[in-house]
Amino acid sequence: MNAVPHKILVIDDNETIRLSLSILLQAKGYQVVLAVDGASGVMAMLEQQPDLIISDMMMPGEPGMSAIARIRAAAPDLPIIAMSGSVEGGLKSFHQRALAAGATHYLEKPFDARDLLDLVGRTLARDG
């Protein structure tokens with residue numbers, strides 16, 4: 001019997017990043033759901049019930065920080081990997097704010113695909 005693949009929700013306003021992550025994750029056997037901003041990401045989380053969320057922090061409309069806080073309120077145990085290339089207020093401050101909002105992990109852009117896949121695998125193994 002084949003195991004059901006883990007479902008990962010990717011939230012990012014950058015189409016290139018969204019599609020690149022989708023291709024990368026699907027190639028490793030994950031099911032991927034995409035959202036273009038924080039508000040659609042929260043709706044997708046409620047409808048799709050993913051096993052993991054990967055969210056950008058800086059997006060127009062509802063930013064990732066707000067979306068992560070809303071997701072955390074609705075799903076306290078759902079692992080969330082926050083990612084950003086922004087260093088507004090300094091990288092350490094941004095990292096701390098992402099974790100304070102409810103992110104499980106933080107990944108600075110640009111990142112190596114192997115690092116992301118390793119983090120995804122370790123997070124799902126621990127939480128799933």
# chains A, B, ... in the order shown; residues from 1 in each chain; ligands from 1
call {"tool": "residues_around", "arguments": {"residues": "Leu34 (chain A)", "least_positions_apart": "2", "cutoff": "10 Å", "atoms": "only C-alpha atoms", "output": "PyMOL selection string"}}
result
chain A and resi 8-13+15+18-19+21-22+32+36-37+40-41+44+53-54
call {"tool": "residues_around", "arguments": {"residues": "Met58 (chain A)", "least_positions_apart": "6", "cutoff": "12 Å", "atoms": "only C-alpha atoms", "output": "PyMOL selection string"}}
result
chain A and resi 11-14+36-38+64-68+82-88+94+98+109
call {"tool": "write_last_selection", "arguments": {"atoms": "C-alpha atoms", "output": "short mmCIF file (atom, residue, chain, number, x, y, z; two decimals), in the first residue's frame"}}
result
data_model
loop_
_atom_site.label_atom_id
_atom_site.label_comp_id
_atom_site.auth_asym_id
_atom_site.auth_seq_id
_atom_site.Cartn_x
_atom_site.Cartn_y
_atom_site.Cartn_z
CA ILE A 11 2.56 30.99 0.06
CA ASP A 12 4.58 33.50 -1.97
CA ASP A 13 3.67 36.48 -4.12
CA ASN A 14 6.60 35.83 -6.49
CA VAL A 36 -0.27 34.09 -3.88
CA ASP A 37 -0.60 36.06 -0.63
CA GLY A 38 -1.33 35.78 3.06
CA GLY A 64 3.31 36.64 5.91
CA MET A 65 3.74 37.77 9.51
CA SER A 66 -0.01 38.38 9.84
CA ALA A 67 -0.95 35.23 7.92
CA ILE A 68 1.32 33.10 10.09
CA ALA A 82 8.89 31.31 7.17
CA MET A 83 11.22 32.61 4.49
CA SER A 84 12.34 36.06 3.46
CA GLY A 85 15.08 37.91 1.71
CA SER A 86 14.23 41.07 3.60
CA VAL A 87 16.51 42.29 6.35
CA GLU A 88 14.25 45.13 7.48
CA PHE A 94 13.24 39.63 11.31
CA ALA A 98 8.82 35.45 12.34
CA LYS A 109 16.44 33.79 0.88
#
call {"tool": "residues_around", "arguments": {"residues": "Ala39 (chain A)", "least_positions_apart": "3", "cutoff": "8 Å", "atoms": "only C-alpha atoms", "output": "PyMOL selection string"}}
result
chain A and resi 42-43+61-62+67
call {"tool": "residues_around", "arguments": {"residues": "region 24-27 of chain A", "least_positions_apart": "4", "cutoff": "8 Å", "atoms": "only C-alpha atoms", "output": "PDB file with all heavy atoms, in the first residue's frame"}}
result
ATOM      1  N   SER A  20       8.916  27.425  -8.729  1.00  0.00           N
ATOM      2  CA  SER A  20      10.174  26.704  -8.490  1.00  0.00           C
ATOM      3  C   SER A  20      10.050  25.783  -7.277  1.00  0.00           C
ATOM      4  O   SER A  20      10.481  24.624  -7.317  1.00  0.00           O
ATOM      5  CB  SER A  20      11.330  27.684  -8.276  1.00  0.00           C
ATOM      6  OG  SER A  20      11.560  28.438  -9.436  1.00  0.00           O
ATOM      7  N   GLN A  31       2.843  16.552  -2.286  1.00  0.00           N
ATOM      8  CA  GLN A  31       1.706  17.199  -2.934  1.00  0.00           C
ATOM      9  C   GLN A  31       1.806  18.682  -2.587  1.00  0.00           C
ATOM     10  O   GLN A  31       2.048  19.024  -1.418  1.00  0.00           O
ATOM     11  CB  GLN A  31       0.401  16.602  -2.422  1.00  0.00           C
ATOM     12  CG  GLN A  31      -0.834  17.173  -3.042  1.00  0.00           C
ATOM     13  CD  GLN A  31      -2.104  16.557  -2.471  1.00  0.00           C
ATOM     14  OE1 GLN A  31      -2.076  15.608  -1.695  1.00  0.00           O
ATOM     15  NE2 GLN A  31      -3.226  17.126  -2.837  1.00  0.00           N
ATOM     16  N   VAL A  32       1.619  19.569  -3.562  1.00  0.00           N
ATOM     17  CA  VAL A  32       1.830  20.992  -3.326  1.00  0.00           C
ATOM     18  C   VAL A  32       0.573  21.791  -3.659  1.00  0.00           C
ATOM     19  O   VAL A  32      -0.071  21.569  -4.681  1.00  0.00           O
ATOM     20  CB  VAL A  32       3.019  21.525  -4.164  1.00  0.00           C
ATOM     21  CG1 VAL A  32       3.233  23.012  -3.922  1.00  0.00           C
ATOM     22  CG2 VAL A  32       4.290  20.744  -3.833  1.00  0.00           C
ATOM     23  N   ALA A 113      18.484  24.652  -2.434  1.00  0.00           N
ATOM     24  CA  ALA A 113      17.358  23.712  -2.508  1.00  0.00           C
ATOM     25  C   ALA A 113      17.550  22.542  -1.551  1.00  0.00           C
ATOM     26  O   ALA A 113      16.593  22.088  -0.913  1.00  0.00           O
ATOM     27  CB  ALA A 113      17.195  23.213  -3.939  1.00  0.00           C
ATOM     28  N   LEU A 117      14.911  21.282   1.310  1.00  0.00           N
ATOM     29  CA  LEU A 117      14.403  19.907   1.331  1.00  0.00           C
ATOM     30  C   LEU A 117      14.772  19.183   2.624  1.00  0.00           C
ATOM     31  O   LEU A 117      13.963  18.422   3.169  1.00  0.00           O
ATOM     32  CB  LEU A 117      14.912  19.128   0.117  1.00  0.00           C
ATOM     33  CG  LEU A 117      14.327  19.569  -1.230  1.00  0.00           C
ATOM     34  CD1 LEU A 117      15.046  18.867  -2.367  1.00  0.00           C
ATOM     35  CD2 LEU A 117      12.823  19.322  -1.276  1.00  0.00           C
TER      36      LEU A 117
END
call {"tool": "select_by_dssp", "arguments": {"residues": "chain A", "states": "strand (DSSP E)", "output": "count of residues only"}}
result
24
call {"tool": "closest_residue", "arguments": {"among": "A:Asp51, A:Glu108, A:Asp115, A:Asp56", "to": "Val4 (chain A)", "atoms": "only C-alpha atoms"}}
result
A:Asp51
call {"tool": "select_by_dssp", "arguments": {"residues": "region 30-123 of chain A", "states": "alpha helix (DSSP H)", "output": "JSON list (two decimals) with all heavy atoms, in the first residue's frame"}}
result
[["chain", "number", "residue", "atom", "x", "y", "z"],
["A", 38, "GLY", "N", -0.96, 36.27, 1.74],
["A", 38, "GLY", "CA", -1.33, 35.78, 3.06],
["A", 38, "GLY", "C", -2.79, 35.42, 3.19],
["A", 38, "GLY", "O", -3.13, 34.37, 3.76],
["A", 39, "ALA", "N", -3.68, 36.26, 2.67],
["A", 39, "ALA", "CA", -5.11, 35.99, 2.81],
["A", 39, "ALA", "C", -5.51, 34.71, 2.08],
["A", 39, "ALA", "O", -6.23, 33.87, 2.64],
["A", 39, "ALA", "CB", -5.92, 37.18, 2.27],
["A", 40, "SER", "N", -5.04, 34.52, 0.85],
["A", 40, "SER", "CA", -5.37, 33.30, 0.12],
["A", 40, "SER", "C", -4.67, 32.09, 0.76],
["A", 40, "SER", "O", -5.17, 30.97, 0.70],
["A", 40, "SER", "CB", -5.04, 33.41, -1.37],
["A", 40, "SER", "OG", -3.66, 33.58, -1.58],
["A", 41, "GLY", "N", -3.52, 32.33, 1.39],
["A", 41, "GLY", "CA", -2.83, 31.26, 2.09],
["A", 41, "GLY", "C", -3.61, 30.76, 3.29],
["A", 41, "GLY", "O", -3.70, 29.55, 3.53],
["A", 42, "VAL", "N", -4.19, 31.67, 4.04],
["A", 42, "VAL", "CA", -5.00, 31.28, 5.20],
["A", 42, "VAL", "C", -6.21, 30.48, 4.73],
["A", 42, "VAL", "O", -6.54, 29.43, 5.29],
["A", 42, "VAL", "CB", -5.43, 32.51, 6.03],
["A", 42, "VAL", "CG1", -6.43, 32.11, 7.11],
["A", 42, "VAL", "CG2", -4.21, 33.19, 6.65],
["A", 43, "MET", "N", -6.87, 30.95, 3.66],
["A", 43, "MET", "CA", -8.03, 30.23, 3.12],
["A", 43, "MET", "C", -7.62, 28.84, 2.62],
["A", 43, "MET", "O", -8.32, 27.86, 2.88],
["A", 43, "MET", "CB", -8.69, 31.04, 2.01],
["A", 43, "MET", "CG", -9.37, 32.28, 2.55],
["A", 43, "MET", "SD", -10.52, 33.04, 1.42],
["A", 43, "MET", "CE", -11.61, 31.71, 0.99],
["A", 44, "ALA", "N", -6.49, 28.75, 1.92],
["A", 44, "ALA", "CA", -6.01, 27.46, 1.42],
["A", 44, "ALA", "C", -5.69, 26.51, 2.58],
["A", 44, "ALA", "O", -5.96, 25.32, 2.50],
["A", 44, "ALA", "CB", -4.79, 27.65, 0.52],
["A", 45, "MET", "N", -5.12, 27.06, 3.65],
["A", 45, "MET", "CA", -4.81, 26.22, 4.82],
["A", 45, "MET", "C", -6.10, 25.63, 5.39],
["A", 45, "MET", "O", -6.16, 24.44, 5.70],
["A", 45, "MET", "CB", -4.09, 27.06, 5.88],
["A", 45, "MET", "CG", -3.69, 26.29, 7.14],
["A", 45, "MET", "SD", -4.96, 26.10, 8.43],
["A", 45, "MET", "CE", -5.34, 27.78, 8.84],
["A", 46, "LEU", "N", -7.13, 26.45, 5.51],
["A", 46, "LEU", "CA", -8.39, 25.98, 6.07],
["A", 46, "LEU", "C", -9.05, 24.94, 5.16],
["A", 46, "LEU", "O", -9.61, 23.95, 5.64],
["A", 46, "LEU", "CB", -9.34, 27.16, 6.30],
["A", 46, "LEU", "CG", -8.89, 28.15, 7.38],
["A", 46, "LEU", "CD1", -9.77, 29.40, 7.36],
["A", 46, "LEU", "CD2", -8.91, 27.50, 8.76],
["A", 47, "GLU", "N", -8.99, 25.15, 3.84],
["A", 47, "GLU", "CA", -9.64, 24.25, 2.89],
["A", 47, "GLU", "C", -8.83, 22.98, 2.61],
["A", 47, "GLU", "O", -9.40, 21.90, 2.48],
["A", 47, "GLU", "CB", -9.89, 24.99, 1.57],
["A", 47, "GLU", "CG", -10.90, 26.12, 1.68],
["A", 47, "GLU", "CD", -10.96, 26.98, 0.44],
["A", 47, "GLU", "OE1", -10.20, 26.74, -0.53],
["A", 47, "GLU", "OE2", -11.77, 27.93, 0.44],
["A", 48, "GLN", "N", -7.52, 23.11, 2.51],
["A", 48, "GLN", "CA", -6.68, 22.00, 2.06],
["A", 48, "GLN", "C", -6.05, 21.19, 3.19],
["A", 48, "GLN", "O", -5.58, 20.08, 2.97],
["A", 48, "GLN", "CB", -5.55, 22.52, 1.16],
["A", 48, "GLN", "CG", -6.05, 23.17, -0.12],
["A", 48, "GLN", "CD", -6.66, 22.16, -1.06],
["A", 48, "GLN", "OE1", -6.19, 21.03, -1.17],
["A", 48, "GLN", "NE2", -7.72, 22.56, -1.75],
["A", 64, "GLY", "N", 3.11, 37.95, 5.31],
["A", 64, "GLY", "CA", 3.31, 36.64, 5.91],
["A", 64, "GLY", "C", 3.24, 36.65, 7.42],
["A", 64, "GLY", "O", 2.72, 35.70, 8.02],
["A", 65, "MET", "N", 3.74, 37.70, 8.04],
["A", 65, "MET", "CA", 3.74, 37.77, 9.51],
["A", 65, "MET", "C", 2.31, 37.66, 10.04],
["A", 65, "MET", "O", 2.03, 36.90, 10.96],
["A", 65, "MET", "CB", 4.37, 39.09, 9.95],
["A", 65, "MET", "CG", 4.92, 39.08, 11.34],
["A", 65, "MET", "SD", 6.51, 38.23, 11.48],
["A", 65, "MET", "CE", 7.60, 39.33, 10.63],
["A", 66, "SER", "N", 1.40, 38.40, 9.43],
["A", 66, "SER", "CA", -0.01, 38.38, 9.84],
["A", 66, "SER", "C", -0.65, 37.04, 9.51],
["A", 66, "SER", "O", -1.39, 36.47, 10.32],
["A", 66, "SER", "CB", -0.75, 39.52, 9.13],
["A", 66, "SER", "OG", -2.13, 39.40, 9.32],
["A", 67, "ALA", "N", -0.38, 36.52, 8.32],
["A", 67, "ALA", "CA", -0.95, 35.23, 7.92],
["A", 67, "ALA", "C", -0.48, 34.12, 8.85],
["A", 67, "ALA", "O", -1.28, 33.25, 9.25],
["A", 67, "ALA", "CB", -0.58, 34.92, 6.47],
["A", 68, "ILE", "N", 0.79, 34.13, 9.19],
["A", 68, "ILE", "CA", 1.32, 33.10, 10.09],
["A", 68, "ILE", "C", 0.63, 33.17, 11.45],
["A", 68, "ILE", "O", 0.27, 32.13, 12.02],
["A", 68, "ILE", "CB", 2.85, 33.22, 10.22],
["A", 68, "ILE", "CG1", 3.51, 32.73, 8.92],
["A", 68, "ILE", "CG2", 3.38, 32.44, 11.42],
["A", 68, "ILE", "CD1", 5.00, 32.99, 8.84],
["A", 69, "ALA", "N", 0.42, 34.36, 11.95],
["A", 69, "ALA", "CA", -0.26, 34.50, 13.24],
["A", 69, "ALA", "C", -1.70, 33.95, 13.15],
["A", 69, "ALA", "O", -2.16, 33.26, 14.07],
["A", 69, "ALA", "CB", -0.27, 35.96, 13.68],
["A", 70, "ARG", "N", -2.39, 34.22, 12.05],
["A", 70, "ARG", "CA", -3.76, 33.70, 11.87],
["A", 70, "ARG", "C", -3.76, 32.19, 11.71],
["A", 70, "ARG", "O", -4.63, 31.50, 12.25],
["A", 70, "ARG", "CB", -4.41, 34.37, 10.66],
["A", 70, "ARG", "CG", -4.75, 35.84, 10.91],
["A", 70, "ARG", "CD", -5.35, 36.50, 9.69],
["A", 70, "ARG", "NE", -6.52, 35.79, 9.20],
["A", 70, "ARG", "CZ", -6.93, 35.83, 7.93],
["A", 70, "ARG", "NH1", -6.26, 36.53, 7.03],
["A", 70, "ARG", "NH2", -8.01, 35.17, 7.57],
["A", 71, "ILE", "N", -2.80, 31.67, 10.96],
["A", 71, "ILE", "CA", -2.69, 30.22, 10.77],
["A", 71, "ILE", "C", -2.39, 29.54, 12.11],
["A", 71, "ILE", "O", -3.00, 28.53, 12.46],
["A", 71, "ILE", "CB", -1.62, 29.89, 9.72],
["A", 71, "ILE", "CG1", -2.11, 30.29, 8.33],
["A", 71, "ILE", "CG2", -1.23, 28.41, 9.78],
["A", 71, "ILE", "CD1", -1.03, 30.32, 7.27],
["A", 72, "ARG", "N", -1.48, 30.13, 12.87],
["A", 72, "ARG", "CA", -1.11, 29.56, 14.16],
["A", 72, "ARG", "C", -2.31, 29.53, 15.09],
["A", 72, "ARG", "O", -2.51, 28.56, 15.83],
["A", 72, "ARG", "CB", 0.04, 30.40, 14.77],
["A", 72, "ARG", "CG", 0.54, 29.90, 16.09],
["A", 72, "ARG", "CD", 1.03, 28.46, 16.10],
["A", 72, "ARG", "NE", 2.15, 28.25, 15.23],
["A", 72, "ARG", "CZ", 2.25, 27.24, 14.36],
["A", 72, "ARG", "NH1", 1.30, 26.34, 14.24],
["A", 72, "ARG", "NH2", 3.30, 27.10, 13.58],
["A", 73, "ALA", "N", -3.16, 30.57, 15.06],
["A", 73, "ALA", "CA", -4.35, 30.60, 15.91],
["A", 73, "ALA", "C", -5.33, 29.49, 15.53],
["A", 73, "ALA", "O", -5.96, 28.88, 16.39],
["A", 73, "ALA", "CB", -5.02, 31.96, 15.82],
["A", 74, "ALA", "N", -5.44, 29.20, 14.22],
["A", 74, "ALA", "CA", -6.37, 28.19, 13.75],
["A", 74, "ALA", "C", -5.81, 26.78, 13.84],
["A", 74, "ALA", "O", -6.56, 25.81, 13.98],
["A", 74, "ALA", "CB", -6.77, 28.49, 12.30],
["A", 91, "LEU", "N", 18.51, 41.13, 10.07],
["A", 91, "LEU", "CA", 18.12, 39.74, 9.87],
["A", 91, "LEU", "C", 17.72, 39.06, 11.18],
["A", 91, "LEU", "O", 16.71, 38.37, 11.25],
["A", 91, "LEU", "CB", 19.26, 38.97, 9.20],
["A", 91, "LEU", "CG", 18.98, 37.52, 8.88],
["A", 91, "LEU", "CD1", 17.80, 37.40, 7.94],
["A", 91, "LEU", "CD2", 20.20, 36.87, 8.27],
["A", 92, "LYS", "N", 18.48, 39.28, 12.24],
["A", 92, "LYS", "CA", 18.17, 38.64, 13.51],
["A", 92, "LYS", "C", 16.80, 39.09, 14.02],
["A", 92, "LYS", "O", 16.00, 38.27, 14.47],
["A", 92, "LYS", "CB", 19.25, 38.96, 14.55],
["A", 92, "LYS", "CG", 19.05, 38.24, 15.86],
["A", 92, "LYS", "CD", 20.20, 38.47, 16.81],
["A", 92, "LYS", "CE", 19.98, 37.69, 18.09],
["A", 92, "LYS", "NZ", 21.03, 37.89, 19.06],
["A", 93, "SER", "N", 16.50, 40.38, 13.89],
["A", 93, "SER", "CA", 15.21, 40.90, 14.32],
["A", 93, "SER", "C", 14.08, 40.28, 13.50],
["A", 93, "SER", "O", 13.05, 39.89, 14.03],
["A", 93, "SER", "CB", 15.19, 42.42, 14.16],
["A", 93, "SER", "OG", 13.87, 42.91, 14.33],
["A", 94, "PHE", "N", 14.27, 40.18, 12.19],
["A", 94, "PHE", "CA", 13.24, 39.63, 11.31],
["A", 94, "PHE", "C", 13.00, 38.16, 11.65],
["A", 94, "PHE", "O", 11.86, 37.70, 11.72],
["A", 94, "PHE", "CB", 13.67, 39.80, 9.85],
["A", 94, "PHE", "CG", 12.51, 39.90, 8.92],
["A", 94, "PHE", "CD1", 11.74, 41.04, 8.87],
["A", 94, "PHE", "CD2", 12.19, 38.85, 8.08],
["A", 94, "PHE", "CE1", 10.66, 41.14, 8.02],
["A", 94, "PHE", "CE2", 11.11, 38.93, 7.22],
["A", 94, "PHE", "CZ", 10.34, 40.09, 7.19],
["A", 95, "HIS", "N", 14.07, 37.43, 11.86],
["A", 95, "HIS", "CA", 13.99, 36.02, 12.25],
["A", 95, "HIS", "C", 13.20, 35.89, 13.55],
["A", 95, "HIS", "O", 12.29, 35.06, 13.66],
["A", 95, "HIS", "CB", 15.42, 35.49, 12.39],
["A", 95, "HIS", "CG", 15.51, 34.04, 12.76],
["A", 95, "HIS", "ND1", 16.69, 33.40, 12.86],
["A", 95, "HIS", "CD2", 14.57, 33.11, 13.08],
["A", 95, "HIS", "CE1", 16.48, 32.14, 13.22],
["A", 95, "HIS", "NE2", 15.21, 31.95, 13.35],
["A", 96, "GLN", "N", 13.53, 36.71, 14.53],
["A", 96, "GLN", "CA", 12.85, 36.65, 15.82],
["A", 96, "GLN", "C", 11.37, 37.00, 15.70],
["A", 96, "GLN", "O", 10.52, 36.36, 16.33],
["A", 96, "GLN", "CB", 13.53, 37.59, 16.82],
["A", 96, "GLN", "CG", 14.89, 37.10, 17.24],
["A", 96, "GLN", "CD", 15.67, 38.13, 18.04],
["A", 96, "GLN", "OE1", 15.41, 39.34, 17.96],
["A", 96, "GLN", "NE2", 16.65, 37.66, 18.80],
["A", 97, "ARG", "N", 11.04, 37.99, 14.85],
["A", 97, "ARG", "CA", 9.64, 38.37, 14.66],
["A", 97, "ARG", "C", 8.85, 37.26, 13.97],
["A", 97, "ARG", "O", 7.70, 37.02, 14.30],
["A", 97, "ARG", "CB", 9.53, 39.68, 13.87],
["A", 97, "ARG", "CG", 9.96, 40.89, 14.72],
["A", 97, "ARG", "CD", 9.67, 42.19, 14.02],
["A", 97, "ARG", "NE", 10.59, 42.34, 12.90],
["A", 97, "ARG", "CZ", 10.31, 43.02, 11.79],
["A", 97, "ARG", "NH1", 9.16, 43.62, 11.65],
["A", 97, "ARG", "NH2", 11.20, 43.13, 10.83],
["A", 98, "ALA", "N", 9.48, 36.56, 13.03],
["A", 98, "ALA", "CA", 8.82, 35.45, 12.34],
["A", 98, "ALA", "C", 8.50, 34.34, 13.34],
["A", 98, "ALA", "O", 7.39, 33.79, 13.35],
["A", 98, "ALA", "CB", 9.68, 34.92, 11.21],
["A", 99, "LEU", "N", 9.45, 34.01, 14.18],
["A", 99, "LEU", "CA", 9.24, 32.97, 15.19],
["A", 99, "LEU", "C", 8.20, 33.41, 16.22],
["A", 99, "LEU", "O", 7.36, 32.62, 16.65],
["A", 99, "LEU", "CB", 10.56, 32.59, 15.86],
["A", 99, "LEU", "CG", 11.60, 31.95, 14.92],
["A", 99, "LEU", "CD1", 12.89, 31.68, 15.68],
["A", 99, "LEU", "CD2", 11.08, 30.69, 14.26],
["A", 100, "ALA", "N", 8.23, 34.69, 16.59],
["A", 100, "ALA", "CA", 7.25, 35.21, 17.55],
["A", 100, "ALA", "C", 5.83, 35.17, 16.98],
["A", 100, "ALA", "O", 4.87, 34.97, 17.71],
["A", 100, "ALA", "CB", 7.63, 36.63, 17.96],
["A", 101, "ALA", "N", 5.71, 35.35, 15.66],
["A", 101, "ALA", "CA", 4.39, 35.30, 15.01],
["A", 101, "ALA", "C", 3.85, 33.87, 14.96],
["A", 101, "ALA", "O", 2.66, 33.67, 14.76],
["A", 101, "ALA", "CB", 4.48, 35.88, 13.60],
["A", 113, "ALA", "N", 18.48, 24.65, -2.43],
["A", 113, "ALA", "CA", 17.36, 23.71, -2.51],
["A", 113, "ALA", "C", 17.55, 22.54, -1.55],
["A", 113, "ALA", "O", 16.59, 22.09, -0.91],
["A", 113, "ALA", "CB", 17.20, 23.21, -3.94],
["A", 114, "ARG", "N", 18.78, 22.07, -1.42],
["A", 114, "ARG", "CA", 19.04, 20.94, -0.50],
["A", 114, "ARG", "C", 18.74, 21.33, 0.93],
["A", 114, "ARG", "O", 18.24, 20.50, 1.71],
["A", 114, "ARG", "CB", 20.48, 20.48, -0.64],
["A", 114, "ARG", "CG", 20.76, 19.78, -1.97],
["A", 114, "ARG", "CD", 22.21, 19.51, -2.12],
["A", 114, "ARG", "NE", 22.89, 20.83, -2.15],
["A", 114, "ARG", "CZ", 24.11, 21.04, -2.58],
["A", 114, "ARG", "NH1", 24.85, 20.04, -2.98],
["A", 114, "ARG", "NH2", 24.63, 22.24, -2.61],
["A", 115, "ASP", "N", 19.07, 22.57, 1.31],
["A", 115, "ASP", "CA", 18.78, 23.02, 2.68],
["A", 115, "ASP", "C", 17.28, 23.05, 2.93],
["A", 115, "ASP", "O", 16.81, 22.63, 4.00],
["A", 115, "ASP", "CB", 19.38, 24.40, 2.93],
["A", 115, "ASP", "CG", 20.90, 24.39, 2.95],
["A", 115, "ASP", "OD1", 21.49, 23.30, 3.15],
["A", 115, "ASP", "OD2", 21.50, 25.46, 2.74],
["A", 116, "LEU", "N", 16.52, 23.54, 1.95],
["A", 116, "LEU", "CA", 15.06, 23.57, 2.10],
["A", 116, "LEU", "C", 14.51, 22.15, 2.21],
["A", 116, "LEU", "O", 13.71, 21.86, 3.11],
["A", 116, "LEU", "CB", 14.40, 24.30, 0.93],
["A", 116, "LEU", "CG", 12.86, 24.23, 0.95],
["A", 116, "LEU", "CD1", 12.30, 25.04, 2.11],
["A", 116, "LEU", "CD2", 12.28, 24.68, -0.36],
["A", 117, "LEU", "N", 14.91, 21.28, 1.31],
["A", 117, "LEU", "CA", 14.40, 19.91, 1.33],
["A", 117, "LEU", "C", 14.77, 19.18, 2.62],
["A", 117, "LEU", "O", 13.96, 18.42, 3.17],
["A", 117, "LEU", "CB", 14.91, 19.13, 0.12],
["A", 117, "LEU", "CG", 14.33, 19.57, -1.23],
["A", 117, "LEU", "CD1", 15.05, 18.87, -2.37],
["A", 117, "LEU", "CD2", 12.82, 19.32, -1.28],
["A", 118, "ASP", "N", 15.97, 19.43, 3.12],
["A", 118, "ASP", "CA", 16.40, 18.84, 4.39],
["A", 118, "ASP", "C", 15.51, 19.35, 5.53],
["A", 118, "ASP", "O", 15.04, 18.56, 6.36],
["A", 118, "ASP", "CB", 17.87, 19.17, 4.66],
["A", 118, "ASP", "CG", 18.34, 18.58, 5.97],
["A", 118, "ASP", "OD1", 18.25, 17.34, 6.14],
["A", 118, "ASP", "OD2", 18.81, 19.35, 6.83],
["A", 119, "LEU", "N", 15.26, 20.65, 5.57],
["A", 119, "LEU", "CA", 14.42, 21.23, 6.61],
["A", 119, "LEU", "C", 12.99, 20.71, 6.52],
["A", 119, "LEU", "O", 12.39, 20.36, 7.54],
["A", 119, "LEU", "CB", 14.45, 22.76, 6.52],
["A", 119, "LEU", "CG", 13.66, 23.53, 7.59],
["A", 119, "LEU", "CD1", 14.11, 23.15, 9.00],
["A", 119, "LEU", "CD2", 13.80, 25.03, 7.35],
["A", 120, "VAL", "N", 12.46, 20.63, 5.31],
["A", 120, "VAL", "CA", 11.11, 20.09, 5.11],
["A", 120, "VAL", "C", 11.05, 18.64, 5.61],
["A", 120, "VAL", "O", 10.14, 18.27, 6.36],
["A", 120, "VAL", "CB", 10.69, 20.19, 3.63],
["A", 120, "VAL", "CG1", 9.45, 19.34, 3.34],
["A", 120, "VAL", "CG2", 10.44, 21.65, 3.24],
["A", 121, "GLY", "N", 12.01, 17.83, 5.19],
["A", 121, "GLY", "CA", 12.03, 16.42, 5.60],
["A", 121, "GLY", "C", 12.12, 16.25, 7.10],
["A", 121, "GLY", "O", 11.38, 15.46, 7.69],
["A", 122, "ARG", "N", 13.03, 17.00, 7.73],
["A", 122, "ARG", "CA", 13.19, 16.90, 9.18],
["A", 122, "ARG", "C", 11.93, 17.37, 9.91],
["A", 122, "ARG", "O", 11.51, 16.78, 10.90],
["A", 122, "ARG", "CB", 14.40, 17.72, 9.66],
["A", 122, "ARG", "CG", 15.73, 17.07, 9.35],
["A", 122, "ARG", "CD", 16.91, 17.82, 9.92],
["A", 122, "ARG", "NE", 17.10, 19.11, 9.24],
["A", 122, "ARG", "CZ", 17.06, 20.30, 9.82],
["A", 122, "ARG", "NH1", 16.85, 20.41, 11.10],
["A", 122, "ARG", "NH2", 17.25, 21.40, 9.11],
["A", 123, "THR", "N", 11.32, 18.46, 9.43],
["A", 123, "THR", "CA", 10.14, 19.00, 10.07],
["A", 123, "THR", "C", 8.97, 18.03, 9.96],
["A", 123, "THR", "O", 8.28, 17.78, 10.95],
["A", 123, "THR", "CB", 9.77, 20.36, 9.44],
["A", 123, "THR", "OG1", 10.89, 21.25, 9.60],
["A", 123, "THR", "CG2", 8.56, 20.96, 10.11]]
call {"tool": "atom_distance", "arguments": {"atom1": "CA of Arg126 (chain A)", "atom2": "CA of Gly102 (chain A)"}}
result
17.1 Å
